[in-house]
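Notes for the one structure printed next.
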Amino acid sequence: MSDISSFASHSHLSPIYQTILGLESCSTEKELIAETERITRSIKFDWFHYSVKFGPKNGNFFRTLSNEPASWKERHAFFDETRPEFLDQIAYHRLTPITWHDLRRLYSDPDTPPNNSDEEEIGAGIIFPIRSKNEDCAFLGFFMRNSHAHPEQTINLSLGEMCLTASYFHDAMIRMTAKPHRAPKAPLTSREIECLRLISNYKSNWVISRILGISEHGVVYYVRRLMWKLDAQNRHQAVERAAECGLI
């Protein structure tokens with residue numbers, strides 16, 4: 001992302017790409033929806049829909065964000081966040097974007113075909129699967145009314161913008177939903193922090209005792225104290241939590 005971010009300062013960057021890169025600065029879901037709606041309109045689409053199932057490192061929960069009409073969930077139940085199996089099928093088993101035509105054919109209920117005479121029915125669209133090393137699975141889709149002319153051409157002209165938006169949107173969601181770092185139960189002493197730093201360098205209790213000039217029992221005492229303060233189950237988890245709090 002750093003190469004793309006540095007590119008944002010170039011004066012020749014188009015307004016649409018400036019808006020996409022601006023998703024990095026969104027601090028609330030409301031801002032993210034508003035900015036993504038601007039992008040959606042700029043590329044000649046009507047609605048967007050984002051669904052995510054975060055992995056263990058990001059909280060293990062589901063979330064959806066959209067500017068879609070309220071009636072969509074009744075017509076297209078697979079957009080509902082209470083049906084994560086659809087999200088799994090898209091994000092885990094698709095390597096490339098999937099069009100609305102293919103999506104409807106694969107996942108819609110054949111007994112309830114869409115009402116194509118309805119002005120707010122989806123006429124065309126495309127969904128971008130998103131997967132991350134943190135085991136998140138998500139997708140961001142862009143859709144247009146059935147009254148649009150030449151939808152295939154519109155999709156082809158905007159593939160780059162939509163793909164980049166999907167990446168930046170998901171990064172923004174991770175940033176906004178990250179769990180706040182837990183503060184220690186009590187301040188750590190300078191000796192406890194010294195122990196933590198040595199533990200982070202894979203030093204044993206015996207080696208730490210020699211470096212600090214204290215007994216090995218003293219090291220065990222300090223380690224137990226800092227583990228309690230950091231609410232850690234073991235010494236290595238204590239190091240991780242201390243790093244998250246900026247203590248080491």
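Ordering of the structure tokens sets the chain letters (A, B, ...), residue numbers begin anew at 1 in every chain, and ligands are numbered from 1 in the order given.
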Do you know which residues are at most 10 Å from Arg94 (chain A) counting only C-alpha atoms, after dropping those on the same chain fewer than 6 positions away, and could you put them as a ChimeraX atom specification? /A:88,128-131
Can you tell me which residues surround Ser132 (chain A) at a distance of at most 12 Å, considering only C-alpha atoms, apart from same-chain residues fewer than 4 positions away, and format the answer as a PDB file with N, CA and C atoms, in the first residue's frame?
ATOM      1  N   VAL A  52     -18.516  -8.807   5.205  1.00  0.00           N
ATOM      2  CA  VAL A  52     -17.235  -9.339   5.687  1.00  0.00           C
ATOM      3  C   VAL A  52     -17.462 -10.292   6.851  1.00  0.00           C
ATOM      4  N   LYS A  53     -16.637 -11.320   6.891  1.00  0.00           N
ATOM      5  CA  LYS A  53     -16.504 -12.178   8.067  1.00  0.00           C
ATOM      6  C   LYS A  53     -15.052 -12.064   8.495  1.00  0.00           C
ATOM      7  N   PHE A  54     -14.810 -11.327   9.576  1.00  0.00           N
ATOM      8  CA  PHE A  54     -13.442 -11.112  10.031  1.00  0.00           C
ATOM      9  C   PHE A  54     -12.864 -12.392  10.631  1.00  0.00           C
ATOM     10  N   GLY A  55     -11.564 -12.557  10.492  1.00  0.00           N
ATOM     11  CA  GLY A  55     -10.869 -13.698  11.057  1.00  0.00           C
ATOM     12  C   GLY A  55     -10.566 -13.487  12.532  1.00  0.00           C
ATOM     13  N   PRO A  56      -9.915 -14.476  13.162  1.00  0.00           N
ATOM     14  CA  PRO A  56      -9.647 -14.417  14.606  1.00  0.00           C
ATOM     15  C   PRO A  56      -8.868 -13.172  15.028  1.00  0.00           C
ATOM     16  N   LYS A  57      -7.914 -12.741  14.212  1.00  0.00           N
ATOM     17  CA  LYS A  57      -7.090 -11.592  14.589  1.00  0.00           C
ATOM     18  C   LYS A  57      -7.859 -10.279  14.538  1.00  0.00           C
ATOM     19  N   ASN A  58      -8.998 -10.271  13.849  1.00  0.00           N
ATOM     20  CA  ASN A  58      -9.775  -9.042  13.724  1.00  0.00           C
ATOM     21  C   ASN A  58     -11.148  -9.134  14.373  1.00  0.00           C
ATOM     22  N   ALA A  91     -15.905 -15.538  -1.236  1.00  0.00           N
ATOM     23  CA  ALA A  91     -14.558 -15.098  -0.881  1.00  0.00           C
ATOM     24  C   ALA A  91     -13.534 -16.219  -0.882  1.00  0.00           C
ATOM     25  N   TYR A  92     -13.939 -17.446  -0.503  1.00  0.00           N
ATOM     26  CA  TYR A  92     -12.979 -18.539  -0.413  1.00  0.00           C
ATOM     27  C   TYR A  92     -12.826 -19.310  -1.720  1.00  0.00           C
ATOM     28  N   ASP A 136      -9.596 -12.981   7.049  1.00  0.00           N
ATOM     29  CA  ASP A 136     -10.836 -12.282   6.729  1.00  0.00           C
ATOM     30  C   ASP A 136     -11.328 -12.773   5.380  1.00  0.00           C
ATOM     31  N   CYS A 137     -12.632 -12.856   5.212  1.00  0.00           N
ATOM     32  CA  CYS A 137     -13.185 -13.067   3.881  1.00  0.00           C
ATOM     33  C   CYS A 137     -14.310 -12.065   3.691  1.00  0.00           C
ATOM     34  N   ALA A 138     -14.319 -11.420   2.531  1.00  0.00           N
ATOM     35  CA  ALA A 138     -15.252 -10.334   2.298  1.00  0.00           C
ATOM     36  C   ALA A 138     -15.491 -10.171   0.811  1.00  0.00           C
ATOM     37  N   PHE A 139     -16.469  -9.341   0.483  1.00  0.00           N
ATOM     38  CA  PHE A 139     -16.621  -8.932  -0.908  1.00  0.00           C
ATOM     39  C   PHE A 139     -17.198  -7.524  -0.954  1.00  0.00           C
ATOM     40  N   SER A 167     -10.032  -3.011  -2.172  1.00  0.00           N
ATOM     41  CA  SER A 167      -8.862  -3.164  -1.305  1.00  0.00           C
ATOM     42  C   SER A 167      -8.817  -2.086  -0.230  1.00  0.00           C
ATOM     43  N   HIS A 170     -11.721  -2.448   2.452  1.00  0.00           N
ATOM     44  CA  HIS A 170     -11.489  -3.477   3.464  1.00  0.00           C
ATOM     45  C   HIS A 170     -10.397  -3.046   4.451  1.00  0.00           C
ATOM     46  N   ASP A 171      -9.345  -2.423   3.959  1.00  0.00           N
ATOM     47  CA  ASP A 171      -8.298  -1.931   4.857  1.00  0.00           C
ATOM     48  C   ASP A 171      -8.869  -0.919   5.849  1.00  0.00           C
ATOM     49  N   ILE A 174     -10.826  -2.782   8.552  1.00  0.00           N
ATOM     50  CA  ILE A 174      -9.925  -3.410   9.525  1.00  0.00           C
ATOM     51  C   ILE A 174      -9.429  -2.372  10.523  1.00  0.00           C
TER      52      ILE A 174
END
Take CA of Ser200 (chain A) and CA of Lys133 (chain A) and report the distance between them in Å, one decimal.
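Separation between CA of Ser200 (chain A) and CA of Lys133 (chain A): 23.8 Å.
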Here is a test: counting only C-alpha atoms, which residue of A:Thr165, A:Ile211, A:Glu121, A:Thr96 is nearest to Ala70 (chain A)?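 Going through A:Thr165, A:Ile211, A:Glu121, A:Thr96 one by one, the smallest distance to Ala70 (chain A) is for A:Glu121.
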- Task: For Ala166 (chain A), work out the shell of residues within 12 Å, counting only C-alpha atoms and skipping chain neighbours fewer than 6 positions away, then give it as a VMD selection string.
- Result: chain A and resid 20 to 21 23 32 36 39 to 40 48 to 52 97 126 to 131 138 to 142 159 to 160 172 to 173
C-alpha atoms of the current selection, written as a PDB file, in the first residue's frame:
ATOM      1  CA  ILE A  20     -10.385   6.102  -3.570  1.00  0.00           C
ATOM      2  CA  LEU A  21      -7.080   6.790  -1.850  1.00  0.00           C
ATOM      3  CA  LEU A  23     -10.668   6.012   2.022  1.00  0.00           C
ATOM      4  CA  LEU A  32     -16.686   5.283   4.661  1.00  0.00           C
ATOM      5  CA  THR A  36     -17.779   4.940  -1.265  1.00  0.00           C
ATOM      6  CA  ILE A  39     -17.029   6.594  -5.872  1.00  0.00           C
ATOM      7  CA  THR A  40     -20.021   4.461  -6.864  1.00  0.00           C
ATOM      8  CA  PHE A  48     -22.547  -0.793  -3.478  1.00  0.00           C
ATOM      9  CA  HIS A  49     -22.653  -3.611  -0.939  1.00  0.00           C
ATOM     10  CA  TYR A  50     -19.866  -4.851   1.370  1.00  0.00           C
ATOM     11  CA  SER A  51     -20.031  -7.984   3.523  1.00  0.00           C
ATOM     12  CA  VAL A  52     -17.235  -9.339   5.687  1.00  0.00           C
ATOM     13  CA  PRO A  97     -14.773 -11.047  -9.788  1.00  0.00           C
ATOM     14  CA  ILE A 126     -19.972  -7.126 -10.299  1.00  0.00           C
ATOM     15  CA  ILE A 127     -18.613  -8.474  -7.012  1.00  0.00           C
ATOM     16  CA  PHE A 128     -14.952  -8.474  -5.957  1.00  0.00           C
ATOM     17  CA  PRO A 129     -13.857 -11.217  -3.519  1.00  0.00           C
ATOM     18  CA  ILE A 130     -11.473 -10.083  -0.763  1.00  0.00           C
ATOM     19  CA  ARG A 131      -9.234 -12.389   1.246  1.00  0.00           C
ATOM     20  CA  ALA A 138     -15.252 -10.334   2.298  1.00  0.00           C
ATOM     21  CA  PHE A 139     -16.621  -8.932  -0.908  1.00  0.00           C
ATOM     22  CA  LEU A 140     -17.443  -5.515  -2.287  1.00  0.00           C
ATOM     23  CA  GLY A 141     -20.025  -5.339  -5.051  1.00  0.00           C
ATOM     24  CA  PHE A 142     -21.200  -2.545  -7.332  1.00  0.00           C
ATOM     25  CA  LEU A 159     -12.729  -2.460 -13.336  1.00  0.00           C
ATOM     26  CA  GLY A 160      -9.521  -0.847 -12.090  1.00  0.00           C
ATOM     27  CA  ALA A 172     -10.378   0.934   6.261  1.00  0.00           C
ATOM     28  CA  MET A 173     -12.785  -1.509   7.899  1.00  0.00           C
TER      29      MET A 173
END
Discussion item. Set the distance at 8 Å and use only C-alpha atoms: which residues neighbour Trp228 (chain A) once local chain neighbours fewer than 4 positions away are removed? I'd like the list as a ChimeraX atom specification.
Written reply: /A:185,224,232
Could you save the residues just selected, with N, CA and C atoms, as a PDB file, in the first residue's frame?
ATOM      1  N   LYS A 185      -3.069  -3.666  33.918  1.00  0.00           N
ATOM      2  CA  LYS A 185      -3.850  -3.514  35.146  1.00  0.00           C
ATOM      3  C   LYS A 185      -3.172  -2.558  36.117  1.00  0.00           C
ATOM      4  N   ARG A 224       6.129 -13.212  36.654  1.00  0.00           N
ATOM      5  CA  ARG A 224       4.753 -13.474  37.097  1.00  0.00           C
ATOM      6  C   ARG A 224       3.990 -12.167  37.297  1.00  0.00           C
ATOM      7  N   ALA A 232      -1.695 -11.737  30.648  1.00  0.00           N
ATOM      8  CA  ALA A 232      -1.124 -12.663  29.665  1.00  0.00           C
ATOM      9  C   ALA A 232      -1.068 -14.068  30.239  1.00  0.00           C
TER      10      ALA A 232
END
